[in-house]
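Novice: Encoded as structure tokens, here's the structure I'll be asking about.
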Amino acid sequence: MKRVLDINQFLHGGDYNPEQWWDEPDVINQDFALFKQAKINTVTVGIFSWAKLEPQEGNYDFSWLDEIFNRVKKMNGYVILATPSGARPAWLAQKYPEVLRTDNRGNKRGFGGRHNHCLTSSIYRKKVCEINTKLAEHFVQRKSLVLWHISNEYSGDCYCDLCKDAFRKWLKNKYGDLATLNHAWWNTFWSHTYNDWSQVNPPSPLSEMGNKGMNLDWKRFITDQTISFIDNETAPLKKITPNIPVTTNMMAGNPLMDPFAGFDYQKVARHLDFISWDSYPAWSNDSQSTEELGRNVGLIHDFFRSLKHQNFLVMENTPSRVNWHNFDRAKRPGMHELASLQDVAHGSQGVLYFQLRASRGSSEMFHGAVIEHRHPEKTRAFKDVTKVGKDLEKISPIVATNYAKAKVAIVFSYDSYWALQDAESYSVNKNIWQTIQKHYRYFYDHDIPVDFVSPEDEFSQYDLLIDPMHFLMSKSYLEKIDNYVKNGGKIVGTYISGVVDENDLAYMNEWPKELQEIYGLEPLETDVLYPGQSNLINFEGKEYPVYDYCETLINCTGKVLATYTTDFYQNIPAVVEHSHGAGKGYYLACRTDYSFLGKFYEKIASELVPEIPITKFNGRVSIQIRENKSEKNWFVQNFSDKEGKIELSCELVNLLEDVKDKGTISLKPFESKVYKLYR
């Protein structure tokens with residue numbers, strides 16, 4: 001059955017650890033009084049609470065959680081209940097040491113930290129299943145329970161004997177025999193041919209780190225092993241509470257705002273009912289403008305929303321500081337409201353925090369919190385959270401809307417990302433995600449909705465696919481994009497694409513036929529420039545700089561849009577347009593900056609700009625759409641510390657201020673407005 005997040009208002013709240021204060025009831029009383037004041041309607045409980053939930057093996061105590069459920073019921077709120085597998089209690093690690101991880105040098109870890117558990121251990125899986133069963137049975141009747149939050153930020157891998165054996169079984173299942181594996185990993189190189197399965201081990205600095213096929217298959221194995229662990233963890237929850245959806249909090253890197261790459265989120269998402277992620281941008285940093293960072297955050301929102309092509313949830317963010325950032329700068333006035341409404345604008349069903357009350361000690365005691373250590377109701381963070389809570393109440397009628405349907409999609413493949421990051425020759429830092437951000441910029445700046453798709457997704461609903469740096473392409477994917485373009489789609493490909501197959505083995509003799517037919521050319525050589533070097537291309541009579549990668553092209557049968565102007569490839573095509581069936585392929589043979597990409601996408605994608613009753617006058621203002629069959633809502637946000645202006649072509653309802661606006665409207669620095677067409 002389909003499990004959905006059944007709520008009639010936006011969630012506002014976050015991680016709450018009352019067990020830290022259970023011997024101080026006045027603190028908990030103060031918390032709930034402040035929750036009411038700050039318009040907090042949701043608590044996420046149980047994360048890292050295993051030692052409190054099961055203080056001794058088989059001895060469960062849920063009474064304290066019952067008290068929290070009772071308090072939440074009184075405030076007509078919601079509970080997100082977490083499973084505690086992210087950090088096991090000391091008694092479990094002591095009695096069953098196999099549950100602890102082994103690193104890639106063979107060192108067995110001791111008790112401590114988070115995620116220090118073996119994904120393969122049958123004992124750990126059994127213990128997780130047992131406590132999850134008890135939790136589900138105990139809280140199945142609670143009406144305030146709206147979501148299961150399994151574990152916390154799944155990550156990492158284990159190299160113990162159990163995991164080595166599981167890896168070998170996974171490889172046997174995939175390849176069948178050693179001869180096939182030896183060929184797929186090209187083990188004749190350096191005389192690495194295996195003649196017994198016991199010789200196969202995971203990548204390790206103590207043995208082998210340079211075998212590309214091995215490295216890629218290890219990532220795939222960790223993905224599948226994580227999925228297996230998730231399925232084991234969620235089985236009792238889905239059986240006992242079939243109507244409650246299951247999620248886990250995914251991660252993005254900082255400051256790049258790139259998705260976590262330890263395993264494949266696109267595959268993991270198929271085993272979850274709902275997508276959540278933890279958003280920790282470095283607002284007010286010294287290397288990006290608020291406009292640029294806001295764009296990158298919008299992109300990563302779109303990435304996570306696209307994992308299931310439905311609304312999602314920001315499970316964690318901070319109202320002020322991030323204690324693990326190198327520089328723990330506070331948000332500027334107005335930024336928290338700006339960031340929170342951006343979450344919702346891109347499809348989040350709420351704004352949740354880590355943490356509701358600051359821990360008094362240990363590793364995250366100085367992480368931002370709604371309730372800080374001193375004078376909590378007087379802090380700017382608390383006042384900012386209260387303002388967001390009031391905003392979410394005002395726009396609660398639109399909680400049933402979805403992010404607008406996209407006609408543009410960016411292809412992202414974890415397999416390709418891993419393989420290219422592992423490849424020599426193409427420089428140390430490939431800047432794959434930064435390249436995606438540059439291509440995304442035109443669409444964000446022009447308020448064109450964008451999805452992300454994996455190679456396994458359906459493409460037919462999109463008018464334009466952007467497929468940058470797609471290094472690893474399987475035969476099935478090549479056939480898929482060939483059919484997509486033949487049937488009328490447009491695709492943009494770039495340098496370093498279609499180089500290897502799904503086993504990370506180079507395509508031989510020629511570029512894959514499908515790519516030749518789509519783009520009307522073949523790349524012959526890739527010139528890798530040093531960081532201080534550049535070239536130029538001529539596009540529509542103007543020169544644009546190019547960096548890092550310059551491919552030379554041969555057998556060009558398409559329309560040349562730009563040529564190189566210098567070096568040994570002077571006058572050679574650099575950007576080509578080619579008709580294929582009813583569609584078109586565009587190939588960019590070099591890395592450009594946005595000065596070119598903006599003009600290029602204006603040429604091929606300007607017709608995709610949506611018709612909206614709001615005109616903006618610079619790219620620092622973002623307009624995002626949430627809609628359903630009966631209504632449209634526009635989130636207008638000024639990602640600048642300078643005043644902005646918009647023009648409304650008709651009268652619109654300003655939901656945050658409960659007024660009707662028309663004509664020219666001023667936007668204060670970091671101000672947001674949410675509009676609805678008046679009917």
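Convention: chains lettered A, B, ... in structure tokens order; per-chain residue numbering from 1; ligands numbered from 1 as shown.
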Name the residues in contact with stretch 197-212 of chain A at a cut-off of 7 Å, using only C-alpha atoms, excluding same-chain residues fewer than 3 positions from it; report them as a ChimeraX atom specification.

Specialist: /A:104-105,164,168,185,194,215-216,218,422,504

Novice: Only N, CA and C atoms, please: the residues just picked out, written as a tab-separated table (two decimals), in the first residue's frame.

Specialist:
```tsv
chain	number	residue	atom	x	y	z
A	104	ASN	N	39.14	0.02	7.02
A	104	ASN	CA	39.74	-0.60	5.84
A	104	ASN	C	41.20	-0.99	6.03
A	105	ARG	N	41.72	-0.78	7.22
A	105	ARG	CA	43.05	-1.28	7.58
A	105	ARG	C	42.96	-2.47	8.53
A	164	LYS	N	33.33	-8.96	4.30
A	164	LYS	CA	34.12	-9.52	3.19
A	164	LYS	C	33.39	-10.72	2.57
A	168	ARG	N	31.86	-11.05	-1.29
A	168	ARG	CA	32.15	-12.16	-2.21
A	168	ARG	C	30.85	-12.80	-2.72
A	185	TRP	N	36.83	-6.71	-14.21
A	185	TRP	CA	37.76	-5.88	-13.46
A	185	TRP	C	39.11	-5.71	-14.18
A	194	TYR	N	42.36	-13.55	-10.31
A	194	TYR	CA	41.98	-14.42	-9.18
A	194	TYR	C	41.73	-15.84	-9.67
A	215	ASN	N	36.60	-0.93	-7.11
A	215	ASN	CA	36.15	0.24	-6.35
A	215	ASN	C	34.69	0.54	-6.64
A	216	LEU	N	34.31	0.45	-7.92
A	216	LEU	CA	32.93	0.74	-8.30
A	216	LEU	C	31.98	-0.31	-7.73
A	218	TRP	N	32.42	-2.09	-5.07
A	218	TRP	CA	32.33	-1.94	-3.62
A	218	TRP	C	31.28	-0.88	-3.26
A	422	ASP	N	37.09	8.48	-9.58
A	422	ASP	CA	38.16	7.51	-9.39
A	422	ASP	C	39.14	7.48	-10.57
A	504	ASP	N	33.16	0.01	-16.00
A	504	ASP	CA	34.27	0.96	-15.99
A	504	ASP	C	35.39	0.50	-16.93
```

Novice: Give me the residues within 7 Å of stretch 355-370 of chain A as a PyMOL selection string, counting only C-alpha atoms and dropping any in the same chain fewer than 5 places off.

Specialist: chain A and resi 13-16+318-323+381-382+385

Novice: Please provide the set of residues having any atom within 8 Å of A:Pro449, restricted to only C-alpha atoms, with same-chain residues fewer than 5 positions apart removed, written as a VMD selection string.

Specialist: chain A and resid 404 to 408 443 to 444 624

Novice: How would you write, as a PDB file with N, CA and C atoms, in the first residue's frame, the set of residues in stretch 409-438 of chain A that DSSP gives as alpha helix (DSSP H)?

Specialist:
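Contents of the output file states-v1.pdb:
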```pdb
ATOM      1  N   TYR A 414      25.014   8.018  -9.967  1.00  0.00           N
ATOM      2  CA  TYR A 414      26.022   7.736  -8.943  1.00  0.00           C
ATOM      3  C   TYR A 414      27.148   6.881  -9.507  1.00  0.00           C
ATOM      4  N   ASP A 415      26.812   5.876 -10.327  1.00  0.00           N
ATOM      5  CA  ASP A 415      27.853   5.033 -10.920  1.00  0.00           C
ATOM      6  C   ASP A 415      28.848   5.878 -11.702  1.00  0.00           C
ATOM      7  N   SER A 416      28.329   6.779 -12.520  1.00  0.00           N
ATOM      8  CA  SER A 416      29.205   7.629 -13.327  1.00  0.00           C
ATOM      9  C   SER A 416      30.022   8.573 -12.452  1.00  0.00           C
ATOM     10  N   TYR A 417      29.379   9.133 -11.439  1.00  0.00           N
ATOM     11  CA  TYR A 417      30.070  10.040 -10.516  1.00  0.00           C
ATOM     12  C   TYR A 417      31.235   9.321  -9.833  1.00  0.00           C
ATOM     13  N   TRP A 418      30.969   8.123  -9.302  1.00  0.00           N
ATOM     14  CA  TRP A 418      32.024   7.360  -8.628  1.00  0.00           C
ATOM     15  C   TRP A 418      33.159   7.020  -9.585  1.00  0.00           C
ATOM     16  N   ALA A 419      32.793   6.561 -10.788  1.00  0.00           N
ATOM     17  CA  ALA A 419      33.809   6.139 -11.741  1.00  0.00           C
ATOM     18  C   ALA A 419      34.679   7.310 -12.184  1.00  0.00           C
ATOM     19  N   LEU A 420      34.073   8.454 -12.439  1.00  0.00           N
ATOM     20  CA  LEU A 420      34.861   9.609 -12.880  1.00  0.00           C
ATOM     21  C   LEU A 420      35.730  10.155 -11.755  1.00  0.00           C
ATOM     22  N   GLN A 421      35.194  10.195 -10.542  1.00  0.00           N
ATOM     23  CA  GLN A 421      36.012  10.651  -9.411  1.00  0.00           C
ATOM     24  C   GLN A 421      37.223   9.745  -9.217  1.00  0.00           C
ATOM     25  N   ILE A 432      32.629  18.009 -10.677  1.00  0.00           N
ATOM     26  CA  ILE A 432      31.425  17.491 -11.330  1.00  0.00           C
ATOM     27  C   ILE A 432      30.183  18.227 -10.839  1.00  0.00           C
ATOM     28  N   TRP A 433      30.047  18.327  -9.526  1.00  0.00           N
ATOM     29  CA  TRP A 433      28.830  18.945  -8.997  1.00  0.00           C
ATOM     30  C   TRP A 433      28.787  20.446  -9.269  1.00  0.00           C
ATOM     31  N   GLN A 434      29.956  21.114  -9.226  1.00  0.00           N
ATOM     32  CA  GLN A 434      29.982  22.539  -9.560  1.00  0.00           C
ATOM     33  C   GLN A 434      29.567  22.762 -11.008  1.00  0.00           C
ATOM     34  N   THR A 435      29.907  21.823 -11.885  1.00  0.00           N
ATOM     35  CA  THR A 435      29.482  21.915 -13.282  1.00  0.00           C
ATOM     36  C   THR A 435      27.969  21.808 -13.384  1.00  0.00           C
ATOM     37  N   ILE A 436      27.386  20.881 -12.646  1.00  0.00           N
ATOM     38  CA  ILE A 436      25.925  20.754 -12.617  1.00  0.00           C
ATOM     39  C   ILE A 436      25.293  22.055 -12.123  1.00  0.00           C
ATOM     40  N   GLN A 437      25.897  22.660 -11.097  1.00  0.00           N
ATOM     41  CA  GLN A 437      25.367  23.919 -10.574  1.00  0.00           C
ATOM     42  C   GLN A 437      25.372  25.015 -11.634  1.00  0.00           C
ATOM     43  N   LYS A 438      26.417  25.058 -12.450  1.00  0.00           N
ATOM     44  CA  LYS A 438      26.483  26.088 -13.499  1.00  0.00           C
ATOM     45  C   LYS A 438      25.406  25.875 -14.545  1.00  0.00           C
TER      46      LYS A 438
END
```

Novice: Find the residue from A:Trp283, A:Leu667, A:Gly253, A:Val659 that sits nearest to A:Ile646; use only C-alpha atoms when measuring.

Specialist: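 Smallest separation from A:Ile646 among the options: A:Leu667.
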
Novice: Leaving out A:Asp467 and any residue of its chain fewer than 2 positions from it, which residues lie within 8 Å of it when counting only C-alpha atoms, given as a list of chain:residue names?

Specialist: A:Ile410, A:Val411, A:Phe412, A:Leu465, A:Met469, A:His470, A:Ile491, A:Val492, A:Gly493, A:Thr494

Novice: Just the selected residues (all heavy atoms), exported as a PDB file, in the first residue's frame, please.

Specialist:
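Writing the result to part33.pdb gives the following:
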```pdb
ATOM      1  N   ILE A 410      17.911  17.225 -15.191  1.00  0.00           N
ATOM      2  CA  ILE A 410      19.356  17.017 -15.205  1.00  0.00           C
ATOM      3  C   ILE A 410      19.619  15.563 -14.843  1.00  0.00           C
ATOM      4  O   ILE A 410      19.103  15.066 -13.838  1.00  0.00           O
ATOM      5  CB  ILE A 410      20.059  17.961 -14.220  1.00  0.00           C
ATOM      6  CG1 ILE A 410      19.848  19.417 -14.640  1.00  0.00           C
ATOM      7  CG2 ILE A 410      21.563  17.641 -14.136  1.00  0.00           C
ATOM      8  CD1 ILE A 410      20.403  20.439 -13.646  1.00  0.00           C
ATOM      9  N   VAL A 411      20.410  14.885 -15.654  1.00  0.00           N
ATOM     10  CA  VAL A 411      20.727  13.479 -15.409  1.00  0.00           C
ATOM     11  C   VAL A 411      21.884  13.400 -14.419  1.00  0.00           C
ATOM     12  O   VAL A 411      22.915  14.056 -14.602  1.00  0.00           O
ATOM     13  CB  VAL A 411      21.112  12.759 -16.714  1.00  0.00           C
ATOM     14  CG1 VAL A 411      21.401  11.279 -16.434  1.00  0.00           C
ATOM     15  CG2 VAL A 411      20.006  12.894 -17.756  1.00  0.00           C
ATOM     16  N   PHE A 412      21.694  12.606 -13.379  1.00  0.00           N
ATOM     17  CA  PHE A 412      22.777  12.363 -12.421  1.00  0.00           C
ATOM     18  C   PHE A 412      22.849  10.869 -12.146  1.00  0.00           C
ATOM     19  O   PHE A 412      21.858  10.251 -11.775  1.00  0.00           O
ATOM     20  CB  PHE A 412      22.561  13.111 -11.110  1.00  0.00           C
ATOM     21  CG  PHE A 412      23.684  12.903 -10.121  1.00  0.00           C
ATOM     22  CD1 PHE A 412      24.889  13.574 -10.271  1.00  0.00           C
ATOM     23  CD2 PHE A 412      23.546  12.023  -9.061  1.00  0.00           C
ATOM     24  CE1 PHE A 412      25.940  13.377  -9.375  1.00  0.00           C
ATOM     25  CE2 PHE A 412      24.586  11.822  -8.157  1.00  0.00           C
ATOM     26  CZ  PHE A 412      25.786  12.499  -8.318  1.00  0.00           C
ATOM     27  N   LEU A 465      16.728  17.408 -21.669  1.00  0.00           N
ATOM     28  CA  LEU A 465      17.604  16.702 -20.738  1.00  0.00           C
ATOM     29  C   LEU A 465      18.977  17.356 -20.769  1.00  0.00           C
ATOM     30  O   LEU A 465      19.520  17.627 -21.844  1.00  0.00           O
ATOM     31  CB  LEU A 465      17.770  15.234 -21.133  1.00  0.00           C
ATOM     32  CG  LEU A 465      16.692  14.222 -20.802  1.00  0.00           C
ATOM     33  CD1 LEU A 465      17.166  12.822 -21.201  1.00  0.00           C
ATOM     34  CD2 LEU A 465      16.328  14.245 -19.331  1.00  0.00           C
ATOM     35  N   MET A 469      28.993  15.635 -18.189  1.00  0.00           N
ATOM     36  CA  MET A 469      30.084  14.816 -17.680  1.00  0.00           C
ATOM     37  C   MET A 469      29.622  13.403 -17.337  1.00  0.00           C
ATOM     38  O   MET A 469      29.982  12.843 -16.316  1.00  0.00           O
ATOM     39  CB  MET A 469      30.742  15.487 -16.474  1.00  0.00           C
ATOM     40  CG  MET A 469      31.331  16.855 -16.761  1.00  0.00           C
ATOM     41  SD  MET A 469      32.143  17.603 -15.339  1.00  0.00           S
ATOM     42  CE  MET A 469      33.661  16.641 -15.250  1.00  0.00           C
ATOM     43  N   HIS A 470      28.846  12.811 -18.239  1.00  0.00           N
ATOM     44  CA  HIS A 470      28.305  11.465 -17.994  1.00  0.00           C
ATOM     45  C   HIS A 470      29.341  10.449 -18.468  1.00  0.00           C
ATOM     46  O   HIS A 470      29.207   9.836 -19.533  1.00  0.00           O
ATOM     47  CB  HIS A 470      26.969  11.284 -18.703  1.00  0.00           C
ATOM     48  CG  HIS A 470      26.138  10.198 -18.141  1.00  0.00           C
ATOM     49  ND1 HIS A 470      24.772  10.217 -18.122  1.00  0.00           N
ATOM     50  CD2 HIS A 470      26.481   9.023 -17.532  1.00  0.00           C
ATOM     51  CE1 HIS A 470      24.309   9.117 -17.556  1.00  0.00           C
ATOM     52  NE2 HIS A 470      25.328   8.371 -17.199  1.00  0.00           N
ATOM     53  N   ILE A 491      18.614  17.119 -25.936  1.00  0.00           N
ATOM     54  CA  ILE A 491      19.576  16.739 -24.908  1.00  0.00           C
ATOM     55  C   ILE A 491      20.843  17.556 -25.064  1.00  0.00           C
ATOM     56  O   ILE A 491      21.277  17.840 -26.186  1.00  0.00           O
ATOM     57  CB  ILE A 491      19.881  15.222 -24.971  1.00  0.00           C
ATOM     58  CG1 ILE A 491      20.707  14.775 -23.762  1.00  0.00           C
ATOM     59  CG2 ILE A 491      20.574  14.850 -26.268  1.00  0.00           C
ATOM     60  CD1 ILE A 491      20.822  13.258 -23.627  1.00  0.00           C
ATOM     61  N   VAL A 492      21.418  17.950 -23.934  1.00  0.00           N
ATOM     62  CA  VAL A 492      22.698  18.650 -23.909  1.00  0.00           C
ATOM     63  C   VAL A 492      23.716  17.734 -23.250  1.00  0.00           C
ATOM     64  O   VAL A 492      23.567  17.356 -22.084  1.00  0.00           O
ATOM     65  CB  VAL A 492      22.606  19.979 -23.128  1.00  0.00           C
ATOM     66  CG1 VAL A 492      23.981  20.648 -23.041  1.00  0.00           C
ATOM     67  CG2 VAL A 492      21.600  20.911 -23.781  1.00  0.00           C
ATOM     68  N   GLY A 493      24.743  17.338 -24.008  1.00  0.00           N
ATOM     69  CA  GLY A 493      25.838  16.538 -23.476  1.00  0.00           C
ATOM     70  C   GLY A 493      27.117  17.346 -23.445  1.00  0.00           C
ATOM     71  O   GLY A 493      27.210  18.408 -24.072  1.00  0.00           O
ATOM     72  N   THR A 494      28.097  16.842 -22.713  1.00  0.00           N
ATOM     73  CA  THR A 494      29.346  17.590 -22.579  1.00  0.00           C
ATOM     74  C   THR A 494      30.551  16.665 -22.692  1.00  0.00           C
ATOM     75  O   THR A 494      30.429  15.439 -22.766  1.00  0.00           O
ATOM     76  CB  THR A 494      29.436  18.308 -21.220  1.00  0.00           C
ATOM     77  OG1 THR A 494      29.764  17.341 -20.196  1.00  0.00           O
ATOM     78  CG2 THR A 494      28.154  19.026 -20.856  1.00  0.00           C
TER      79      THR A 494
END
```

Novice: Quick one, how far is atom CA of A:Gly350 from atom CA of A:Trp21?

Specialist: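 So the two atoms, atom CA of A:Gly350 and atom CA of A:Trp21, lie 26.3 Å apart.
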
Novice: Which is closer to A:Lys668 than all the others in A:Met335, A:Ala235, A:Met250, A:Val27, using only C-alpha atoms?

Specialist: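 Closest candidate: A:Met335.
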
Novice: Just the strand (DSSP E) stuff from stretch 436-614 of chain A, please, per backbone DSSP, written as number ranges by chain.

Specialist: A: 450-453, 464-467, 490-494, 522-528, 535-539, 542-554, 559-564, 573-580, 583-588, 590-592, 614

Novice: Stretch 601-617 of chain A: which residues within 8 Å, counting only C-alpha atoms, same-chain residues fewer than 5 positions away excluded, as a list of chain:residue names?

Specialist: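 Here the qualifying residues turn out to be A:Lys407, A:Tyr442, A:His446, A:Asp447, A:Ile448, A:Gly644, A:Lys645, A:Ile646, A:Glu647, A:Leu648, A:Ser649, A:Cys650.
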
Novice: Tell me, as a PyMOL selection string, which residues lie within 6 Å of stretch 553-564 of chain A, counting only C-alpha atoms; anything in the same chain fewer than 4 positions away does not count.

Specialist: chain A and resi 520-524+536-539+570-578

Novice: Would you mind exporting the chosen residues as a PDB file, in the first residue's frame, restricted to N, CA and C atoms?

Specialist:
```pdb
ATOM      1  N   GLY A 520      26.188  13.900 -33.665  1.00  0.00           N
ATOM      2  CA  GLY A 520      26.773  14.152 -34.964  1.00  0.00           C
ATOM      3  C   GLY A 520      28.256  14.462 -34.930  1.00  0.00           C
ATOM      4  N   LEU A 521      29.020  13.717 -34.128  1.00  0.00           N
ATOM      5  CA  LEU A 521      30.450  13.969 -33.978  1.00  0.00           C
ATOM      6  C   LEU A 521      31.081  12.827 -33.203  1.00  0.00           C
ATOM      7  N   GLU A 522      32.421  12.912 -33.069  1.00  0.00           N
ATOM      8  CA  GLU A 522      33.161  12.037 -32.165  1.00  0.00           C
ATOM      9  C   GLU A 522      34.257  12.836 -31.458  1.00  0.00           C
ATOM     10  N   PRO A 523      34.360  12.763 -30.146  1.00  0.00           N
ATOM     11  CA  PRO A 523      35.511  13.346 -29.447  1.00  0.00           C
ATOM     12  C   PRO A 523      36.752  12.482 -29.705  1.00  0.00           C
ATOM     13  N   LEU A 524      37.883  13.134 -29.949  1.00  0.00           N
ATOM     14  CA  LEU A 524      39.100  12.384 -30.240  1.00  0.00           C
ATOM     15  C   LEU A 524      40.116  12.487 -29.112  1.00  0.00           C
ATOM     16  N   LEU A 536      39.742  30.038 -25.587  1.00  0.00           N
ATOM     17  CA  LEU A 536      38.582  30.839 -25.949  1.00  0.00           C
ATOM     18  C   LEU A 536      37.775  30.101 -27.000  1.00  0.00           C
ATOM     19  N   ILE A 537      36.472  30.325 -26.986  1.00  0.00           N
ATOM     20  CA  ILE A 537      35.620  29.872 -28.081  1.00  0.00           C
ATOM     21  C   ILE A 537      34.872  31.076 -28.635  1.00  0.00           C
ATOM     22  N   ASN A 538      34.535  30.998 -29.914  1.00  0.00           N
ATOM     23  CA  ASN A 538      33.764  32.054 -30.566  1.00  0.00           C
ATOM     24  C   ASN A 538      32.340  31.553 -30.768  1.00  0.00           C
ATOM     25  N   PHE A 539      31.401  32.246 -30.128  1.00  0.00           N
ATOM     26  CA  PHE A 539      29.984  31.875 -30.199  1.00  0.00           C
ATOM     27  C   PHE A 539      29.189  33.106 -30.584  1.00  0.00           C
ATOM     28  N   GLN A 570      42.702  25.348 -32.820  1.00  0.00           N
ATOM     29  CA  GLN A 570      42.073  26.561 -33.350  1.00  0.00           C
ATOM     30  C   GLN A 570      41.171  26.213 -34.543  1.00  0.00           C
ATOM     31  N   ASN A 571      39.976  26.807 -34.540  1.00  0.00           N
ATOM     32  CA  ASN A 571      38.965  26.648 -35.598  1.00  0.00           C
ATOM     33  C   ASN A 571      38.274  25.281 -35.596  1.00  0.00           C
ATOM     34  N   ILE A 572      38.617  24.405 -34.652  1.00  0.00           N
ATOM     35  CA  ILE A 572      37.931  23.124 -34.527  1.00  0.00           C
ATOM     36  C   ILE A 572      36.599  23.352 -33.791  1.00  0.00           C
ATOM     37  N   PRO A 573      35.538  22.633 -34.155  1.00  0.00           N
ATOM     38  CA  PRO A 573      34.245  22.813 -33.471  1.00  0.00           C
ATOM     39  C   PRO A 573      34.358  22.579 -31.958  1.00  0.00           C
ATOM     40  N   ALA A 574      33.668  23.437 -31.206  1.00  0.00           N
ATOM     41  CA  ALA A 574      33.639  23.321 -29.746  1.00  0.00           C
ATOM     42  C   ALA A 574      32.225  23.123 -29.214  1.00  0.00           C
ATOM     43  N   VAL A 575      31.226  23.637 -29.946  1.00  0.00           N
ATOM     44  CA  VAL A 575      29.819  23.456 -29.581  1.00  0.00           C
ATOM     45  C   VAL A 575      29.070  23.113 -30.860  1.00  0.00           C
ATOM     46  N   VAL A 576      28.313  22.001 -30.817  1.00  0.00           N
ATOM     47  CA  VAL A 576      27.665  21.491 -32.028  1.00  0.00           C
ATOM     48  C   VAL A 576      26.198  21.184 -31.739  1.00  0.00           C
ATOM     49  N   GLU A 577      25.350  21.528 -32.704  1.00  0.00           N
ATOM     50  CA  GLU A 577      23.924  21.182 -32.682  1.00  0.00           C
ATOM     51  C   GLU A 577      23.669  20.158 -33.781  1.00  0.00           C
ATOM     52  N   HIS A 578      22.904  19.106 -33.476  1.00  0.00           N
ATOM     53  CA  HIS A 578      22.685  18.060 -34.468  1.00  0.00           C
ATOM     54  C   HIS A 578      21.269  17.526 -34.351  1.00  0.00           C
TER      55      HIS A 578
END
```

Novice: Quick one: of A:Ile371, A:Ala282, A:Met473, A:Ile300, who's nearest to A:Phe32, counting only C-alpha atoms?

Specialist: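 Checking each candidate against A:Phe32, we get A:Ile371 as the closest.
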